[in-house]
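With mmCIF, N, CA and C atoms inside, this is start_39.cif:
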```
data_entry
#
loop_
_atom_site.label_atom_id
_atom_site.label_comp_id
_atom_site.auth_asym_id
_atom_site.auth_seq_id
_atom_site.Cartn_x
_atom_site.Cartn_y
_atom_site.Cartn_z
N MET A 112 -44.76 98.47 51.54
CA MET A 112 -45.48 97.55 50.69
C MET A 112 -46.72 97.06 51.44
N GLU A 113 -47.88 97.12 50.79
CA GLU A 113 -49.13 96.69 51.42
C GLU A 113 -49.26 95.18 51.37
N LYS A 114 -49.84 94.66 52.43
CA LYS A 114 -50.15 93.23 52.43
C LYS A 114 -51.40 93.03 51.59
N SER A 115 -51.38 92.00 50.79
CA SER A 115 -52.56 91.73 49.98
C SER A 115 -53.60 91.01 50.84
N LYS A 116 -54.85 91.38 50.64
CA LYS A 116 -55.92 90.75 51.38
C LYS A 116 -56.20 89.37 50.79
N LYS A 117 -56.41 88.42 51.69
CA LYS A 117 -56.77 87.08 51.22
C LYS A 117 -58.27 87.06 51.00
N ILE A 118 -58.64 86.57 49.85
CA ILE A 118 -60.05 86.46 49.50
C ILE A 118 -60.46 85.01 49.70
N ARG A 119 -61.50 84.81 50.48
CA ARG A 119 -62.00 83.46 50.71
C ARG A 119 -63.13 83.18 49.73
N LEU A 120 -62.91 82.23 48.85
CA LEU A 120 -63.94 81.84 47.90
C LEU A 120 -64.86 80.81 48.56
N PRO A 121 -66.14 80.83 48.22
CA PRO A 121 -67.05 79.84 48.81
C PRO A 121 -66.74 78.45 48.28
N THR A 122 -67.00 77.46 49.10
CA THR A 122 -66.86 76.07 48.64
C THR A 122 -68.00 75.77 47.69
N PHE A 123 -67.91 74.68 46.97
CA PHE A 123 -68.98 74.30 46.06
C PHE A 123 -70.29 74.10 46.83
N ASN A 124 -70.21 73.45 48.00
CA ASN A 124 -71.42 73.22 48.79
C ASN A 124 -72.05 74.53 49.24
N GLU A 125 -71.23 75.49 49.66
CA GLU A 125 -71.75 76.80 50.06
C GLU A 125 -72.40 77.51 48.87
N TYR A 126 -71.73 77.45 47.73
CA TYR A 126 -72.25 78.10 46.53
C TYR A 126 -73.57 77.46 46.09
N SER A 127 -73.59 76.12 46.04
CA SER A 127 -74.79 75.44 45.55
C SER A 127 -75.96 75.62 46.52
N ARG A 128 -75.68 75.62 47.82
CA ARG A 128 -76.74 75.84 48.81
C ARG A 128 -77.38 77.20 48.60
N LYS A 129 -76.55 78.21 48.37
CA LYS A 129 -77.05 79.57 48.14
C LYS A 129 -77.81 79.65 46.81
N ALA A 130 -77.27 79.03 45.78
CA ALA A 130 -77.91 79.07 44.46
C ALA A 130 -79.27 78.38 44.49
N LEU A 131 -79.39 77.30 45.26
CA LEU A 131 -80.65 76.55 45.32
C LEU A 131 -81.76 77.31 46.05
N GLU A 132 -81.41 78.40 46.72
CA GLU A 132 -82.43 79.24 47.36
C GLU A 132 -83.26 79.99 46.32
N ASP A 133 -82.71 80.16 45.12
CA ASP A 133 -83.41 80.84 44.03
C ASP A 133 -84.38 79.84 43.39
N PRO A 134 -85.70 80.09 43.46
CA PRO A 134 -86.68 79.14 42.92
C PRO A 134 -86.48 78.80 41.43
N LYS A 135 -86.07 79.79 40.63
CA LYS A 135 -85.86 79.53 39.20
C LYS A 135 -84.67 78.60 38.99
N PHE A 136 -83.59 78.86 39.72
CA PHE A 136 -82.41 77.99 39.63
C PHE A 136 -82.75 76.58 40.09
N ARG A 137 -83.47 76.48 41.22
CA ARG A 137 -83.84 75.17 41.77
C ARG A 137 -84.66 74.36 40.76
N LYS A 138 -85.61 75.01 40.10
CA LYS A 138 -86.46 74.31 39.13
C LYS A 138 -85.63 73.74 37.98
N VAL A 139 -84.72 74.55 37.44
CA VAL A 139 -83.86 74.09 36.36
C VAL A 139 -82.94 72.97 36.85
N PHE A 140 -82.39 73.16 38.05
CA PHE A 140 -81.45 72.19 38.62
C PHE A 140 -82.12 70.84 38.86
N GLU A 141 -83.38 70.84 39.28
CA GLU A 141 -84.05 69.59 39.63
C GLU A 141 -84.80 68.96 38.47
N THR A 142 -84.87 69.61 37.33
CA THR A 142 -85.53 69.05 36.16
C THR A 142 -84.61 68.02 35.51
N PRO A 143 -85.11 66.78 35.28
CA PRO A 143 -84.25 65.77 34.66
C PRO A 143 -83.68 66.26 33.33
N ASP A 144 -82.47 65.86 33.05
CA ASP A 144 -81.79 66.28 31.83
C ASP A 144 -81.99 65.23 30.75
N GLU A 145 -82.05 65.67 29.51
CA GLU A 145 -82.19 64.75 28.38
C GLU A 145 -80.92 63.94 28.14
N ASP A 146 -79.78 64.48 28.55
CA ASP A 146 -78.51 63.77 28.40
C ASP A 146 -78.39 62.77 29.55
N PRO A 147 -78.39 61.46 29.26
CA PRO A 147 -78.37 60.47 30.34
C PRO A 147 -77.12 60.54 31.21
N PHE A 148 -76.00 60.97 30.65
CA PHE A 148 -74.77 61.06 31.44
C PHE A 148 -74.86 62.19 32.47
N ILE A 149 -75.45 63.31 32.06
CA ILE A 149 -75.65 64.41 33.01
C ILE A 149 -76.64 63.99 34.08
N GLU A 150 -77.68 63.29 33.69
CA GLU A 150 -78.69 62.83 34.64
C GLU A 150 -78.08 61.84 35.65
N ILE A 151 -77.23 60.95 35.18
CA ILE A 151 -76.56 60.00 36.08
C ILE A 151 -75.68 60.75 37.08
N ALA A 152 -74.90 61.69 36.59
CA ALA A 152 -74.03 62.47 37.47
C ALA A 152 -74.86 63.20 38.52
N TYR A 153 -75.93 63.83 38.09
CA TYR A 153 -76.81 64.56 39.01
C TYR A 153 -77.39 63.62 40.06
N GLN A 154 -77.84 62.45 39.64
CA GLN A 154 -78.46 61.52 40.59
C GLN A 154 -77.45 60.98 41.60
N ILE A 155 -76.22 60.75 41.17
CA ILE A 155 -75.19 60.30 42.11
C ILE A 155 -74.95 61.37 43.17
N VAL A 156 -74.81 62.63 42.74
CA VAL A 156 -74.60 63.73 43.69
C VAL A 156 -75.79 63.83 44.63
N LYS A 157 -76.99 63.78 44.09
CA LYS A 157 -78.20 63.92 44.90
C LYS A 157 -78.31 62.80 45.93
N MET A 158 -78.06 61.56 45.52
CA MET A 158 -78.13 60.44 46.47
C MET A 158 -77.07 60.56 47.55
N ARG A 159 -75.85 60.91 47.14
CA ARG A 159 -74.75 61.01 48.09
C ARG A 159 -75.02 62.10 49.12
N THR A 160 -75.45 63.27 48.65
CA THR A 160 -75.69 64.37 49.59
C THR A 160 -76.92 64.10 50.45
N SER A 161 -77.93 63.44 49.90
CA SER A 161 -79.10 63.07 50.71
C SER A 161 -78.72 62.10 51.82
N ALA A 162 -77.72 61.27 51.54
CA ALA A 162 -77.22 60.33 52.56
C ALA A 162 -76.29 61.02 53.55
N GLY A 163 -76.01 62.30 53.31
CA GLY A 163 -75.13 63.06 54.21
C GLY A 163 -73.67 62.69 54.10
N LEU A 164 -73.27 62.21 52.92
CA LEU A 164 -71.90 61.77 52.72
C LEU A 164 -71.11 62.76 51.87
N THR A 165 -69.83 62.85 52.15
CA THR A 165 -68.93 63.59 51.29
C THR A 165 -68.45 62.63 50.20
N GLN A 166 -67.78 63.18 49.20
CA GLN A 166 -67.20 62.31 48.17
C GLN A 166 -66.21 61.34 48.80
N LYS A 167 -65.44 61.82 49.74
CA LYS A 167 -64.42 60.98 50.40
C LYS A 167 -65.08 59.83 51.16
N GLU A 168 -66.18 60.10 51.84
CA GLU A 168 -66.87 59.06 52.60
C GLU A 168 -67.48 58.00 51.68
N LEU A 169 -68.08 58.44 50.57
CA LEU A 169 -68.61 57.48 49.61
C LEU A 169 -67.47 56.66 49.00
N ALA A 170 -66.38 57.33 48.71
CA ALA A 170 -65.21 56.64 48.15
C ALA A 170 -64.74 55.52 49.08
N ARG A 171 -64.70 55.80 50.38
CA ARG A 171 -64.29 54.76 51.34
C ARG A 171 -65.22 53.57 51.28
N ARG A 172 -66.52 53.83 51.20
CA ARG A 172 -67.50 52.73 51.13
C ARG A 172 -67.29 51.86 49.88
N LEU A 173 -66.89 52.52 48.80
CA LEU A 173 -66.70 51.79 47.53
C LEU A 173 -65.27 51.30 47.33
N ARG A 174 -64.38 51.70 48.26
CA ARG A 174 -62.96 51.36 48.16
C ARG A 174 -62.33 51.88 46.87
N VAL A 175 -62.64 53.16 46.61
CA VAL A 175 -62.04 53.87 45.48
C VAL A 175 -61.54 55.21 46.01
N SER A 176 -60.90 55.98 45.16
CA SER A 176 -60.40 57.29 45.58
C SER A 176 -61.52 58.34 45.52
N GLN A 177 -61.32 59.42 46.23
CA GLN A 177 -62.26 60.54 46.16
C GLN A 177 -62.29 61.08 44.74
N GLN A 178 -61.15 61.04 44.06
CA GLN A 178 -61.09 61.53 42.68
C GLN A 178 -61.98 60.69 41.76
N ALA A 179 -62.09 59.40 42.05
CA ALA A 179 -62.96 58.53 41.24
C ALA A 179 -64.42 58.95 41.41
N ILE A 180 -64.81 59.30 42.63
CA ILE A 180 -66.19 59.76 42.86
C ILE A 180 -66.41 61.10 42.16
N ALA A 181 -65.45 62.00 42.26
CA ALA A 181 -65.56 63.30 41.57
C ALA A 181 -65.73 63.09 40.07
N ARG A 182 -64.99 62.14 39.51
CA ARG A 182 -65.10 61.85 38.08
C ARG A 182 -66.51 61.34 37.74
N LEU A 183 -67.03 60.40 38.56
CA LEU A 183 -68.37 59.85 38.32
C LEU A 183 -69.45 60.92 38.42
N GLU A 184 -69.20 61.95 39.25
CA GLU A 184 -70.17 63.02 39.44
C GLU A 184 -69.99 64.17 38.43
N SER A 185 -69.00 64.06 37.58
CA SER A 185 -68.75 65.10 36.59
C SER A 185 -69.73 64.98 35.42
N VAL A 186 -70.29 66.12 35.01
CA VAL A 186 -71.23 66.09 33.88
C VAL A 186 -70.51 65.80 32.56
N LYS A 187 -69.19 65.87 32.55
CA LYS A 187 -68.42 65.59 31.33
C LYS A 187 -68.04 64.12 31.21
N TYR A 188 -68.19 63.35 32.29
CA TYR A 188 -67.75 61.95 32.28
C TYR A 188 -68.74 61.09 31.51
N ARG A 189 -68.21 60.19 30.67
CA ARG A 189 -69.05 59.35 29.83
C ARG A 189 -68.75 57.86 30.01
N GLY A 190 -68.12 57.48 31.12
CA GLY A 190 -67.68 56.09 31.29
C GLY A 190 -68.38 55.31 32.37
N HIS A 191 -69.59 55.71 32.76
CA HIS A 191 -70.31 54.98 33.80
C HIS A 191 -70.64 53.57 33.33
N SER A 192 -70.31 52.59 34.14
CA SER A 192 -70.68 51.22 33.81
C SER A 192 -71.83 50.80 34.72
N LEU A 193 -72.61 49.85 34.25
CA LEU A 193 -73.73 49.36 35.05
C LEU A 193 -73.23 48.76 36.35
N SER A 194 -72.11 48.05 36.31
CA SER A 194 -71.58 47.45 37.54
C SER A 194 -71.18 48.52 38.56
N THR A 195 -70.61 49.62 38.09
CA THR A 195 -70.26 50.72 39.00
C THR A 195 -71.51 51.36 39.58
N LEU A 196 -72.51 51.57 38.75
CA LEU A 196 -73.77 52.15 39.24
C LEU A 196 -74.42 51.24 40.27
N LEU A 197 -74.34 49.92 40.06
CA LEU A 197 -74.89 48.97 41.03
C LEU A 197 -74.14 49.05 42.36
N ARG A 198 -72.82 49.20 42.31
CA ARG A 198 -72.02 49.33 43.54
C ARG A 198 -72.39 50.60 44.29
N ILE A 199 -72.56 51.70 43.56
CA ILE A 199 -72.95 52.96 44.19
C ILE A 199 -74.33 52.81 44.83
N ALA A 200 -75.26 52.24 44.08
CA ALA A 200 -76.62 52.06 44.60
C ALA A 200 -76.61 51.21 45.87
N THR A 201 -75.86 50.14 45.87
CA THR A 201 -75.78 49.27 47.05
C THR A 201 -75.19 50.03 48.24
N ALA A 202 -74.15 50.79 48.01
CA ALA A 202 -73.51 51.57 49.09
C ALA A 202 -74.46 52.60 49.67
N LEU A 203 -75.40 53.09 48.85
CA LEU A 203 -76.34 54.12 49.29
C LEU A 203 -77.73 53.56 49.57
N LYS A 204 -77.81 52.21 49.65
CA LYS A 204 -79.08 51.52 49.94
C LYS A 204 -80.17 51.92 48.96
N ARG A 205 -79.81 51.85 47.70
CA ARG A 205 -80.73 52.14 46.59
C ARG A 205 -80.69 50.99 45.60
N ARG A 206 -81.51 51.09 44.58
CA ARG A 206 -81.46 50.12 43.49
C ARG A 206 -81.38 50.88 42.18
N VAL A 207 -80.99 50.18 41.12
CA VAL A 207 -80.85 50.79 39.80
C VAL A 207 -81.98 50.29 38.93
N ARG A 208 -82.56 51.20 38.15
CA ARG A 208 -83.58 50.83 37.17
C ARG A 208 -83.17 51.44 35.83
N VAL A 209 -83.09 50.61 34.81
CA VAL A 209 -82.76 51.08 33.46
C VAL A 209 -84.05 51.06 32.66
N GLU A 210 -84.29 52.14 31.95
CA GLU A 210 -85.54 52.25 31.19
C GLU A 210 -85.24 52.81 29.81
N PHE A 211 -85.75 52.16 28.78
CA PHE A 211 -85.62 52.65 27.42
C PHE A 211 -86.94 53.34 27.05
N LEU A 212 -86.83 54.57 26.58
CA LEU A 212 -88.01 55.38 26.26
C LEU A 212 -88.10 55.63 24.77
N PRO A 213 -89.32 55.81 24.28
CA PRO A 213 -89.44 56.15 22.85
C PRO A 213 -88.83 57.52 22.59
N VAL A 214 -88.35 57.70 21.36
CA VAL A 214 -87.71 58.96 20.98
C VAL A 214 -88.77 59.98 20.62
#
```

If you took the structure in this file and wrote it as structure tokens, what would it be?
Amino acid sequence: MEKSKKIRLPTFNEYSRKALEDPKFRKVFETPDEDPFIEIAYQIVKMRTSAGLTQKELARRLRVSQQAIARLESVKYRGHSLSTLLRIATALKRRVRVEFLPV
């Protein structure tokens, strides 16, 4: 009986780093989204990674679980509260600005 080879899948960070090398992908990735929930998720990820933090490290700063940070960074999540965004901003030495735009 043959031993099956173990396949190592790239981590999300490895995959995204490689994908961002493609100029077309990078342009689409960095263009603000019309969906405010997707834009919030993207900005949380961008701020956290720019600060050099993992989800677990940010979670410790906020005294929440890593799963809570993953949920906040999910493009499917629709439960962001202003108070949570303010806590994240404070932990990352940022501020929050809310802007209403014409349709």

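Closest to Tyr153 of chain A among A:Pro121, A:Phe211, A:Arg189, A:Leu183 is A:Leu183, based on only C-alpha atoms.
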
Put the listed atoms of segment 134-150 of chain A in a box along x, y and z with 8 Å added on every side and give me the centre and edge lengths in Å to one decimal, as JSON.
```
{"center_x": -80.7, "center_y": 70.3, "center_z": 35.8, "size_x": 27.9, "size_y": 35.6, "size_z": 31.3}
```

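If you look at atom CA of Arg171 of chain A and atom N of Asn124 of chain A, they are 19.9 Å away from each other.
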
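Interatomic distance, atom N of Tyr188 of chain A to atom N of Pro147 of chain A: 10.8 Å.
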
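Restricting the calculation to only N, CA and C atoms, the smallest distance between Gln154 of chain A and any of A:Arg198, A:Glu168, A:Glu184, A:Val207 is found for A:Glu184.
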
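Secondary structure by DSSP on the backbone puts the following residues of segment 116-159 of chain A in alpha helix (DSSP H): A:Phe123, A:Asn124, A:Glu125, A:Tyr126, A:Ser127, A:Arg128, A:Lys129, A:Ala130, A:Pro134, A:Lys135, A:Phe136, A:Arg137, A:Lys138, A:Val139, A:Phe140, A:Glu141, A:Pro147, A:Phe148, A:Ile149, A:Glu150, A:Ile151, A:Ala152, A:Tyr153, A:Gln154, A:Ile155, A:Val156, A:Lys157, A:Met158, A:Arg159.
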
Resulting file, chosen residues, N, CA and C atoms, as a PDB file, in the frame of the given file:
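The result, written out as again.pdb:
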```pdb
ATOM      1  N   PHE A 123     -67.910  74.680  46.970  1.00  0.00           N
ATOM      2  CA  PHE A 123     -68.980  74.300  46.060  1.00  0.00           C
ATOM      3  C   PHE A 123     -70.290  74.100  46.830  1.00  0.00           C
ATOM      4  N   ASN A 124     -70.210  73.450  48.000  1.00  0.00           N
ATOM      5  CA  ASN A 124     -71.420  73.220  48.790  1.00  0.00           C
ATOM      6  C   ASN A 124     -72.050  74.530  49.240  1.00  0.00           C
ATOM      7  N   GLU A 125     -71.230  75.490  49.660  1.00  0.00           N
ATOM      8  CA  GLU A 125     -71.750  76.800  50.060  1.00  0.00           C
ATOM      9  C   GLU A 125     -72.400  77.510  48.870  1.00  0.00           C
ATOM     10  N   TYR A 126     -71.730  77.450  47.730  1.00  0.00           N
ATOM     11  CA  TYR A 126     -72.250  78.100  46.530  1.00  0.00           C
ATOM     12  C   TYR A 126     -73.570  77.460  46.090  1.00  0.00           C
ATOM     13  N   SER A 127     -73.590  76.120  46.040  1.00  0.00           N
ATOM     14  CA  SER A 127     -74.790  75.440  45.550  1.00  0.00           C
ATOM     15  C   SER A 127     -75.960  75.620  46.520  1.00  0.00           C
ATOM     16  N   ARG A 128     -75.680  75.620  47.820  1.00  0.00           N
ATOM     17  CA  ARG A 128     -76.740  75.840  48.810  1.00  0.00           C
ATOM     18  C   ARG A 128     -77.380  77.200  48.600  1.00  0.00           C
ATOM     19  N   LYS A 129     -76.550  78.210  48.370  1.00  0.00           N
ATOM     20  CA  LYS A 129     -77.050  79.570  48.140  1.00  0.00           C
ATOM     21  C   LYS A 129     -77.810  79.650  46.810  1.00  0.00           C
ATOM     22  N   ALA A 130     -77.270  79.030  45.780  1.00  0.00           N
ATOM     23  CA  ALA A 130     -77.910  79.070  44.460  1.00  0.00           C
ATOM     24  C   ALA A 130     -79.270  78.380  44.490  1.00  0.00           C
ATOM     25  N   PRO A 134     -85.700  80.090  43.460  1.00  0.00           N
ATOM     26  CA  PRO A 134     -86.680  79.140  42.920  1.00  0.00           C
ATOM     27  C   PRO A 134     -86.480  78.800  41.430  1.00  0.00           C
ATOM     28  N   LYS A 135     -86.070  79.790  40.630  1.00  0.00           N
ATOM     29  CA  LYS A 135     -85.860  79.530  39.200  1.00  0.00           C
ATOM     30  C   LYS A 135     -84.670  78.600  38.990  1.00  0.00           C
ATOM     31  N   PHE A 136     -83.590  78.860  39.720  1.00  0.00           N
ATOM     32  CA  PHE A 136     -82.410  77.990  39.630  1.00  0.00           C
ATOM     33  C   PHE A 136     -82.750  76.580  40.090  1.00  0.00           C
ATOM     34  N   ARG A 137     -83.470  76.480  41.220  1.00  0.00           N
ATOM     35  CA  ARG A 137     -83.840  75.170  41.770  1.00  0.00           C
ATOM     36  C   ARG A 137     -84.660  74.360  40.760  1.00  0.00           C
ATOM     37  N   LYS A 138     -85.610  75.010  40.100  1.00  0.00           N
ATOM     38  CA  LYS A 138     -86.460  74.310  39.130  1.00  0.00           C
ATOM     39  C   LYS A 138     -85.630  73.740  37.980  1.00  0.00           C
ATOM     40  N   VAL A 139     -84.720  74.550  37.440  1.00  0.00           N
ATOM     41  CA  VAL A 139     -83.860  74.090  36.360  1.00  0.00           C
ATOM     42  C   VAL A 139     -82.940  72.970  36.850  1.00  0.00           C
ATOM     43  N   PHE A 140     -82.390  73.160  38.050  1.00  0.00           N
ATOM     44  CA  PHE A 140     -81.450  72.190  38.620  1.00  0.00           C
ATOM     45  C   PHE A 140     -82.120  70.840  38.860  1.00  0.00           C
ATOM     46  N   GLU A 141     -83.380  70.840  39.280  1.00  0.00           N
ATOM     47  CA  GLU A 141     -84.050  69.590  39.630  1.00  0.00           C
ATOM     48  C   GLU A 141     -84.800  68.960  38.470  1.00  0.00           C
ATOM     49  N   PRO A 147     -78.390  61.460  29.260  1.00  0.00           N
ATOM     50  CA  PRO A 147     -78.370  60.470  30.340  1.00  0.00           C
ATOM     51  C   PRO A 147     -77.120  60.540  31.210  1.00  0.00           C
ATOM     52  N   PHE A 148     -76.000  60.970  30.650  1.00  0.00           N
ATOM     53  CA  PHE A 148     -74.770  61.060  31.440  1.00  0.00           C
ATOM     54  C   PHE A 148     -74.860  62.190  32.470  1.00  0.00           C
ATOM     55  N   ILE A 149     -75.450  63.310  32.060  1.00  0.00           N
ATOM     56  CA  ILE A 149     -75.650  64.410  33.010  1.00  0.00           C
ATOM     57  C   ILE A 149     -76.640  63.990  34.080  1.00  0.00           C
ATOM     58  N   GLU A 150     -77.680  63.290  33.690  1.00  0.00           N
ATOM     59  CA  GLU A 150     -78.690  62.830  34.640  1.00  0.00           C
ATOM     60  C   GLU A 150     -78.080  61.840  35.650  1.00  0.00           C
ATOM     61  N   ILE A 151     -77.230  60.950  35.180  1.00  0.00           N
ATOM     62  CA  ILE A 151     -76.560  60.000  36.080  1.00  0.00           C
ATOM     63  C   ILE A 151     -75.680  60.750  37.080  1.00  0.00           C
ATOM     64  N   ALA A 152     -74.900  61.690  36.590  1.00  0.00           N
ATOM     65  CA  ALA A 152     -74.030  62.470  37.470  1.00  0.00           C
ATOM     66  C   ALA A 152     -74.860  63.200  38.520  1.00  0.00           C
ATOM     67  N   TYR A 153     -75.930  63.830  38.090  1.00  0.00           N
ATOM     68  CA  TYR A 153     -76.810  64.560  39.010  1.00  0.00           C
ATOM     69  C   TYR A 153     -77.390  63.620  40.060  1.00  0.00           C
ATOM     70  N   GLN A 154     -77.840  62.450  39.640  1.00  0.00           N
ATOM     71  CA  GLN A 154     -78.460  61.520  40.590  1.00  0.00           C
ATOM     72  C   GLN A 154     -77.450  60.980  41.600  1.00  0.00           C
ATOM     73  N   ILE A 155     -76.220  60.750  41.170  1.00  0.00           N
ATOM     74  CA  ILE A 155     -75.190  60.300  42.110  1.00  0.00           C
ATOM     75  C   ILE A 155     -74.950  61.370  43.170  1.00  0.00           C
ATOM     76  N   VAL A 156     -74.810  62.630  42.740  1.00  0.00           N
ATOM     77  CA  VAL A 156     -74.600  63.730  43.690  1.00  0.00           C
ATOM     78  C   VAL A 156     -75.790  63.830  44.630  1.00  0.00           C
ATOM     79  N   LYS A 157     -76.990  63.780  44.090  1.00  0.00           N
ATOM     80  CA  LYS A 157     -78.200  63.920  44.900  1.00  0.00           C
ATOM     81  C   LYS A 157     -78.310  62.800  45.930  1.00  0.00           C
ATOM     82  N   MET A 158     -78.060  61.560  45.520  1.00  0.00           N
ATOM     83  CA  MET A 158     -78.130  60.440  46.470  1.00  0.00           C
ATOM     84  C   MET A 158     -77.070  60.560  47.550  1.00  0.00           C
ATOM     85  N   ARG A 159     -75.850  60.910  47.140  1.00  0.00           N
ATOM     86  CA  ARG A 159     -74.750  61.010  48.090  1.00  0.00           C
ATOM     87  C   ARG A 159     -75.020  62.100  49.120  1.00  0.00           C
TER      88      ARG A 159
END
```

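Shortest separation to Arg174 of chain A among A:Ile151, A:Thr195, A:Thr142, A:Val156 occurs at residue A:Thr195, atoms counted being only C-alpha atoms.
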
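Our summary of the geometry notes that atom CA of Thr201 of chain A is positioned 26.4 Å from atom N of Phe140 of chain A.
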
7 Å contact set for Gln166 of chain A, all atoms listed in the file, chain neighbours under 5 positions out, as a PyMOL selection string: chain A and resi 171+176-178+180-181

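Residue nearest Leu203 of chain A, chosen from A:Arg159, A:Glu132, A:His191, A:Thr165 and counting all atoms listed in the file: A:Arg159.
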
Distance query Leu193 of chain A at most 12 Å, only C-alpha atoms, self and fewer than 6 positions along chain excluded, as a VMD selection string: chain A and resid 151 199 to 200 206 to 209

Give me the residues near Ile149 of chain A as a PDB file with N, CA and C atoms, keeping the file's coordinate frame, where near means some atom within 7 Å (using all atoms listed in the file) and where sequence neighbours in that chain fewer than 3 positions away do not count.
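Saved file selection-v1.pdb follows:
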```pdb
ATOM      1  N   ASP A 144     -82.470  65.860  33.050  1.00  0.00           N
ATOM      2  CA  ASP A 144     -81.790  66.280  31.830  1.00  0.00           C
ATOM      3  C   ASP A 144     -81.990  65.230  30.750  1.00  0.00           C
ATOM      4  N   GLU A 145     -82.050  65.670  29.510  1.00  0.00           N
ATOM      5  CA  GLU A 145     -82.190  64.750  28.380  1.00  0.00           C
ATOM      6  C   GLU A 145     -80.920  63.940  28.140  1.00  0.00           C
ATOM      7  N   ASP A 146     -79.780  64.480  28.550  1.00  0.00           N
ATOM      8  CA  ASP A 146     -78.510  63.770  28.400  1.00  0.00           C
ATOM      9  C   ASP A 146     -78.390  62.770  29.550  1.00  0.00           C
ATOM     10  N   ALA A 152     -74.900  61.690  36.590  1.00  0.00           N
ATOM     11  CA  ALA A 152     -74.030  62.470  37.470  1.00  0.00           C
ATOM     12  C   ALA A 152     -74.860  63.200  38.520  1.00  0.00           C
ATOM     13  N   TYR A 153     -75.930  63.830  38.090  1.00  0.00           N
ATOM     14  CA  TYR A 153     -76.810  64.560  39.010  1.00  0.00           C
ATOM     15  C   TYR A 153     -77.390  63.620  40.060  1.00  0.00           C
ATOM     16  N   GLN A 154     -77.840  62.450  39.640  1.00  0.00           N
ATOM     17  CA  GLN A 154     -78.460  61.520  40.590  1.00  0.00           C
ATOM     18  C   GLN A 154     -77.450  60.980  41.600  1.00  0.00           C
ATOM     19  N   SER A 185     -69.000  64.060  37.580  1.00  0.00           N
ATOM     20  CA  SER A 185     -68.750  65.100  36.590  1.00  0.00           C
ATOM     21  C   SER A 185     -69.730  64.980  35.420  1.00  0.00           C
ATOM     22  N   VAL A 186     -70.290  66.120  35.010  1.00  0.00           N
ATOM     23  CA  VAL A 186     -71.230  66.090  33.880  1.00  0.00           C
ATOM     24  C   VAL A 186     -70.510  65.800  32.560  1.00  0.00           C
ATOM     25  N   LYS A 187     -69.190  65.870  32.550  1.00  0.00           N
ATOM     26  CA  LYS A 187     -68.420  65.590  31.330  1.00  0.00           C
ATOM     27  C   LYS A 187     -68.040  64.120  31.210  1.00  0.00           C
TER      28      LYS A 187
END
```
